[in-house]
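Here's the structure we're looking at; comments come further down.
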There are 2 protein chains.
Amino acid sequence: MPTISKEDYIKAIYQLESYPDKSVSTTDVANKLEVSKAATSEMVQRLSEQGFLNYEKYRGMSLTEDGKRTALHVIRRHRIWELFLVDVLGLTWSEVHAEAEILEHSTSDFLIERLDKYLRHPKFDPHGEPIPDKYGNLPELPDWVSLPKCEVGKSYRLVKVTDSSKELMDYFTEIGLSLNKVVMIVSRLSYDNSTIIQVGNDSFNISEKIASNLFFIEDV
Amino acid sequence: MPTISKEDYIKAIYQLESYPDKSVSTTDVANKLEVSKAATSEMVQRLSEQGFLNYEKYRGMSLTEDGKRTALHVIRRHRIWELFLVDVLGLTWSEVHAEAEILEHSTSDFLIERLDKYLRHPKFDPHGEPIPDKYGNLPELPDWVSLPKCEVGKSYRLVKVTDSSKELMDYFTEIGLSLNKVVMIVSRLSYDNSTIIQVGNDSFNISEKIASNLFFIEDV
DNA sequence: GTTTAAATTTAAGCATTCCTAACTTAAGAA
DNA sequence: TTCTTAAGTTAGGAATGCTTAAATTTAAAC
Ligand SMILES: [Mn+2]
Ligand SMILES: [Mn+2]
Ligand SMILES: [Mn+2]
Ligand SMILES: [Mn+2]
């Protein structure tokens with residue numbers, strides 16, 4: 001059984017691997033977890049010895065099957081807890097990530113299956129992220145597009161939000177964004193590639209950096 | 001903030017202190033937590049330096065006010081989780097202790113107050129143990145008697161069960177014992193101080209050791 | 001093709017938590 | 001009161017997980 005730290009490293013590497021055409025570097029992991037590169041380098045070597053990673057010194061890393069399985073196991077617990085906290089306890093979507101970040105390491109398989117059953121085997125968490133099933137299979141995913149790539153003039157439905165910043169989540173709530181909300185792409189400023197969207201009767205200019213945390217599908 | 005280990009030591013010492021006329025020894029703590037006496041001795045010295053315990057070498061220990069507050073804080077989280085798991089998720093009273101033993105260290109004050117509110121500020125956990133409120137105050141306790149001290153011929157109502165052994169909890173369930181169940185004390189064998197109780201239509205001989213885990217109040 | 005800078009690893013050190021083995025103290029028995 | 005032993009502490013060592021500083025390697029610039 002991996003420790004809490006190891007689970008967090010493995011999960012971080014899994015998430016970094018999801019970016020296409022880029023192998024995962026020590027620096028990437030160190031930045032994501034906010035630890036030193038030295039600590040990361042050591043941990044990566046340990047995880048590699050223990051069979052969670054393929055790793056060649058100075059060359060970057062990739063998860064083994066075992067590593068992927070472990071990552072999906074942690075992610076499953078994280079997302080089930082988030083959904084549970086929102087749907088049952090009534091926490092907001094901006095409050096749950098920090099709690100889940102801890103609970104994901106403190107939940108037995110037995111308990112997580114009970115939570116899963118209670119929630120009727122949900123497929124997505126409160127931010128629209130897919131929940132792996134107990135075998136590690138992800139549900140089929142809609143073909144989402146990040147906001148900076150949405151076309152001006154079209155309407156889109158919000159299906160996923162990156163949840164790592166509470167501040168950002170609160171901002172999204174404030175401007176009326178929630179999952180499945182339909183918005184209109186009013187325009188895009190070539191000056192800074194920001195996007196102006198209309199939510200209900202109000203319009204907002206969303207910077208490219210912020211916009212990259214919002215994922216939509218075209219509204220039919 | 002104490003670490004998980006420290007919280008477990010402090011909680012163990014609190015619970016050992018509840019036995020009257022006995023000061024808490026290194027051995028007591030080591031046995032309870034199933035670690036070596038050496039590890040306990042070291043930890044006790046650290047906790048003493050940090051103000052959680054009064055401690056004189058070779059002389060035993062007692063919690064400071066700070067230590068008691070910390071212990072009650074952990075116990076609150078433990079018992080609220082146990083009740084939540086039973087009342088909301090439908091786990092049995094024998095399944096929850098092990099889960100709570102971990103969750104008690106992974107729950108923010110924010111979350112525990114939400115759970116508490118959801119449960120309508122409960123006063124007792126599924127084993128009849130009192131839940132400290134957020135200020136550390138325990139509810140008023142009934143004057144319970146352990147089974148070996150119950151008088152033959154009288155009827156008693158079960159109000160508290162020691163929950164540390166799953167095996168024992170399952171046995172209690174099997175013979176029909178649950179909280180608030182009324183039982184009749186049929187007899188006591190002087191040979192081994194075991195007690196014969198009647199639960200519904202069945203009678204059972206309960207050894208003194210097992211009986212000391214059951215607490216009753218006289219049924220009026 | 002060198003040179004240089006960035007990325008990465010190694011080294012040295014610290015804190016925590018545990019272990020076994022050796023030693024010390026306290027307390028009861030003789 | 002001395003002896004014996006149980007209880008408790010210290011010593012030495014290991015694993016984890018983190019830090020900063022010093023090497024080392026790679027890759028990009030010239
Ligand atoms: Mn999350
Ligand atoms: Mn985490
Ligand atoms: Mn318990
Ligand atoms: Mn615990």
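We label chains A, B, ... in the order they appear in the structure tokens, count residues from 1 in each chain, and number ligands from 1 in the order shown.
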Please identify all polymer residues within 10 Å of DA28 (chain D), counting only C-alpha atoms (C1' of nucleotides), omitting same-chain residues fewer than 6 positions from it, and present them as a short mmCIF file (atom, residue, chain, number, x, y, z; two decimals) with all heavy atoms, in the first residue's frame.
```
data_model
loop_
_atom_site.label_atom_id
_atom_site.label_comp_id
_atom_site.auth_asym_id
_atom_site.auth_seq_id
_atom_site.Cartn_x
_atom_site.Cartn_y
_atom_site.Cartn_z
P DT C 4 31.01 30.68 -22.01
OP1 DT C 4 31.23 32.13 -22.22
OP2 DT C 4 31.86 29.90 -21.07
"O5'" DT C 4 29.48 30.45 -21.65
"C5'" DT C 4 28.49 30.82 -22.61
"C4'" DT C 4 27.13 30.33 -22.15
"O4'" DT C 4 26.95 28.93 -22.46
"C3'" DT C 4 26.87 30.48 -20.65
"O3'" DT C 4 25.63 31.13 -20.53
"C2'" DT C 4 26.84 29.04 -20.14
"C1'" DT C 4 26.33 28.29 -21.36
N1 DT C 4 26.66 26.84 -21.49
C2 DT C 4 25.70 25.99 -22.01
O2 DT C 4 24.61 26.36 -22.38
N3 DT C 4 26.10 24.69 -22.10
C4 DT C 4 27.32 24.15 -21.74
O4 DT C 4 27.55 22.96 -21.88
C5 DT C 4 28.26 25.09 -21.19
C7 DT C 4 29.61 24.61 -20.74
C6 DT C 4 27.90 26.38 -21.08
P DA C 5 25.13 31.76 -19.19
OP1 DA C 5 24.93 33.21 -19.38
OP2 DA C 5 25.96 31.23 -18.09
"O5'" DA C 5 23.69 31.07 -19.13
"C5'" DA C 5 22.92 30.92 -20.33
"C4'" DA C 5 21.86 29.88 -20.09
"O4'" DA C 5 22.42 28.55 -20.20
"C3'" DA C 5 21.21 29.95 -18.71
"O3'" DA C 5 19.84 29.72 -18.89
"C2'" DA C 5 21.90 28.84 -17.92
"C1'" DA C 5 22.12 27.81 -19.03
N9 DA C 5 23.23 26.89 -18.81
C8 DA C 5 24.44 27.14 -18.24
N7 DA C 5 25.24 26.09 -18.21
C5 DA C 5 24.49 25.09 -18.80
C6 DA C 5 24.76 23.73 -19.06
N6 DA C 5 25.91 23.13 -18.75
N1 DA C 5 23.78 23.01 -19.65
C2 DA C 5 22.63 23.61 -19.96
N3 DA C 5 22.26 24.88 -19.77
C4 DA C 5 23.25 25.56 -19.17
P DA C 6 18.80 30.04 -17.74
OP1 DA C 6 17.91 31.11 -18.18
OP2 DA C 6 19.54 30.11 -16.45
"O5'" DA C 6 17.98 28.67 -17.77
"C5'" DA C 6 17.71 28.04 -19.02
"C4'" DA C 6 17.43 26.57 -18.78
"O4'" DA C 6 18.67 25.86 -18.57
"C3'" DA C 6 16.55 26.30 -17.55
"O3'" DA C 6 15.51 25.44 -17.99
"C2'" DA C 6 17.50 25.64 -16.55
"C1'" DA C 6 18.53 24.99 -17.46
N9 DA C 6 19.87 24.81 -16.90
C8 DA C 6 20.62 25.72 -16.21
N7 DA C 6 21.81 25.26 -15.86
C5 DA C 6 21.83 23.98 -16.35
C6 DA C 6 22.83 22.96 -16.32
N6 DA C 6 24.02 23.11 -15.73
N1 DA C 6 22.53 21.79 -16.90
C2 DA C 6 21.33 21.64 -17.50
N3 DA C 6 20.34 22.53 -17.61
C4 DA C 6 20.65 23.68 -17.00
#
```
Given a cut-off of 12 Å, which residues of chain A touch chain D, counting only C-alpha atoms (C1' of nucleotides), written out as a PyMOL selection string? chain A and resi 2-6+34-43+46+57-59
Distance-based interface of chain C with chain B, 9 Å, counting only C-alpha atoms (C1' of nucleotides), as a PyMOL selection string: chain C and resi 17-19+25-26
Within 9 Å of ligand 2, counting only C-alpha atoms (C1' of nucleotides) and all ligand atoms: which residues, as a ChimeraX atom specification? /A:4-5,7-9,11,74,78,98-105
With C-alpha atoms retained, export the selected residues as a short mmCIF file (atom, residue, chain, number, x, y, z; two decimals), in the first residue's frame.
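The result, stored in part.cif:
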```cif
data_model
loop_
_atom_site.label_atom_id
_atom_site.label_comp_id
_atom_site.auth_asym_id
_atom_site.auth_seq_id
_atom_site.Cartn_x
_atom_site.Cartn_y
_atom_site.Cartn_z
CA ILE A 4 -0.31 9.36 1.46
CA SER A 5 2.68 11.09 -0.12
CA GLU A 7 -0.51 8.46 -3.61
CA ASP A 8 -0.28 12.20 -4.17
CA TYR A 9 2.81 11.85 -6.35
CA LYS A 11 -1.95 11.03 -8.86
CA VAL A 74 -7.04 7.54 -5.64
CA HIS A 78 -11.37 11.78 -4.47
CA ALA A 98 -9.61 20.51 -0.27
CA GLU A 99 -11.58 18.04 1.86
CA ALA A 100 -11.38 15.34 -0.80
CA GLU A 101 -7.65 15.86 -1.12
CA ILE A 102 -7.32 14.42 2.40
CA LEU A 103 -10.24 11.98 2.53
CA GLU A 104 -8.98 10.29 -0.66
CA HIS A 105 -6.17 8.79 1.45
#
```
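Proximity of A:Ser106, A:Glu17, A:Asp87, A:Trp81 to ligand 4, computed with only C-alpha atoms and all ligand atoms, is greatest for A:Ser106.
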Which residues are near ligand 3 - at most 12 Å, using only C-alpha atoms (C1' of nucleotides) and all ligand atoms? Format: as a PDB file with C-alpha atoms, in the first residue's frame.
```
ATOM      1  CA  LYS B  11      -6.570   9.753  22.616  1.00  0.00           C
ATOM      2  CA  ALA B  12      -5.230   6.481  24.037  1.00  0.00           C
ATOM      3  CA  GLN B  15      -9.081   6.716  27.448  1.00  0.00           C
ATOM      4  CA  VAL B  74     -10.300  13.598  18.150  1.00  0.00           C
ATOM      5  CA  ILE B  75     -12.994  11.651  19.996  1.00  0.00           C
ATOM      6  CA  ARG B  76     -15.650  14.025  18.702  1.00  0.00           C
ATOM      7  CA  ARG B  77     -14.572  13.406  15.133  1.00  0.00           C
ATOM      8  CA  HIS B  78     -14.399   9.654  15.710  1.00  0.00           C
ATOM      9  CA  ARG B  79     -17.881   9.385  17.163  1.00  0.00           C
ATOM     10  CA  ILE B  80     -19.565  11.710  14.723  1.00  0.00           C
ATOM     11  CA  TRP B  81     -18.162   9.658  11.858  1.00  0.00           C
ATOM     12  CA  GLU B  82     -19.334   6.434  13.467  1.00  0.00           C
ATOM     13  CA  LEU B  83     -22.855   7.751  13.812  1.00  0.00           C
ATOM     14  CA  LEU B  85     -21.687   5.840   8.837  1.00  0.00           C
ATOM     15  CA  VAL B  86     -24.412   3.935  10.676  1.00  0.00           C
ATOM     16  CA  TRP B  93     -22.140  -0.860  14.540  1.00  0.00           C
ATOM     17  CA  SER B  94     -19.354  -3.394  14.202  1.00  0.00           C
ATOM     18  CA  GLU B  95     -18.111  -1.979  10.893  1.00  0.00           C
ATOM     19  CA  VAL B  96     -17.664   1.636  11.808  1.00  0.00           C
ATOM     20  CA  HIS B  97     -14.924   1.720  14.407  1.00  0.00           C
ATOM     21  CA  ALA B  98     -12.088   0.809  12.062  1.00  0.00           C
ATOM     22  CA  GLU B  99     -13.202   3.398   9.502  1.00  0.00           C
ATOM     23  CA  ALA B 100     -13.585   6.097  12.147  1.00  0.00           C
ATOM     24  CA  GLU B 101     -10.135   5.317  13.506  1.00  0.00           C
ATOM     25  CA  ILE B 102      -8.731   6.716  10.241  1.00  0.00           C
ATOM     26  CA  LEU B 103     -11.325   9.347   9.338  1.00  0.00           C
ATOM     27  CA  GLU B 104     -10.909  10.975  12.764  1.00  0.00           C
ATOM     28  CA  PHE B 124     -24.314   9.643  21.527  1.00  0.00           C
ATOM     29  CA  ASP B 125     -22.594   7.435  18.980  1.00  0.00           C
ATOM     30  CA  PRO B 126     -23.874   4.028  17.792  1.00  0.00           C
ATOM     31  CA  HIS B 127     -22.219   2.300  20.745  1.00  0.00           C
ATOM     32  CA  GLY B 128     -23.772   4.624  23.291  1.00  0.00           C
ATOM     33  CA  GLU B 129     -20.589   6.628  23.792  1.00  0.00           C
ATOM     34  CA  PRO B 130     -21.090  10.335  24.417  1.00  0.00           C
ATOM     35  CA  ILE B 131     -20.084  12.804  21.690  1.00  0.00           C
ATOM     36  CA  LYS B 160     -23.231   1.363  25.984  1.00  0.00           C
ATOM     37  CA  VAL B 161     -20.924  -1.157  24.353  1.00  0.00           C
ATOM     38  CA  THR B 162     -17.155  -1.089  24.083  1.00  0.00           C
ATOM     39  CA  ASP B 163     -16.483  -1.059  20.359  1.00  0.00           C
ATOM     40  CA  SER B 164     -12.826  -1.878  19.955  1.00  0.00           C
ATOM     41  CA  SER B 165     -13.290  -5.507  18.849  1.00  0.00           C
ATOM     42  CA  LYS B 166     -15.285  -6.156  15.685  1.00  0.00           C
ATOM     43  CA  MET B 169     -19.572  -6.541  18.303  1.00  0.00           C
TER      44      MET B 169
END
```
Which residues, written as a ChimeraX atom specification, have at least one atom at most 8 Å from Ser146 (chain A), with only C-alpha atoms (C1' of nucleotides) counted and residues fewer than 2 positions away on the same chain left out? /A:144,148-150,211-216
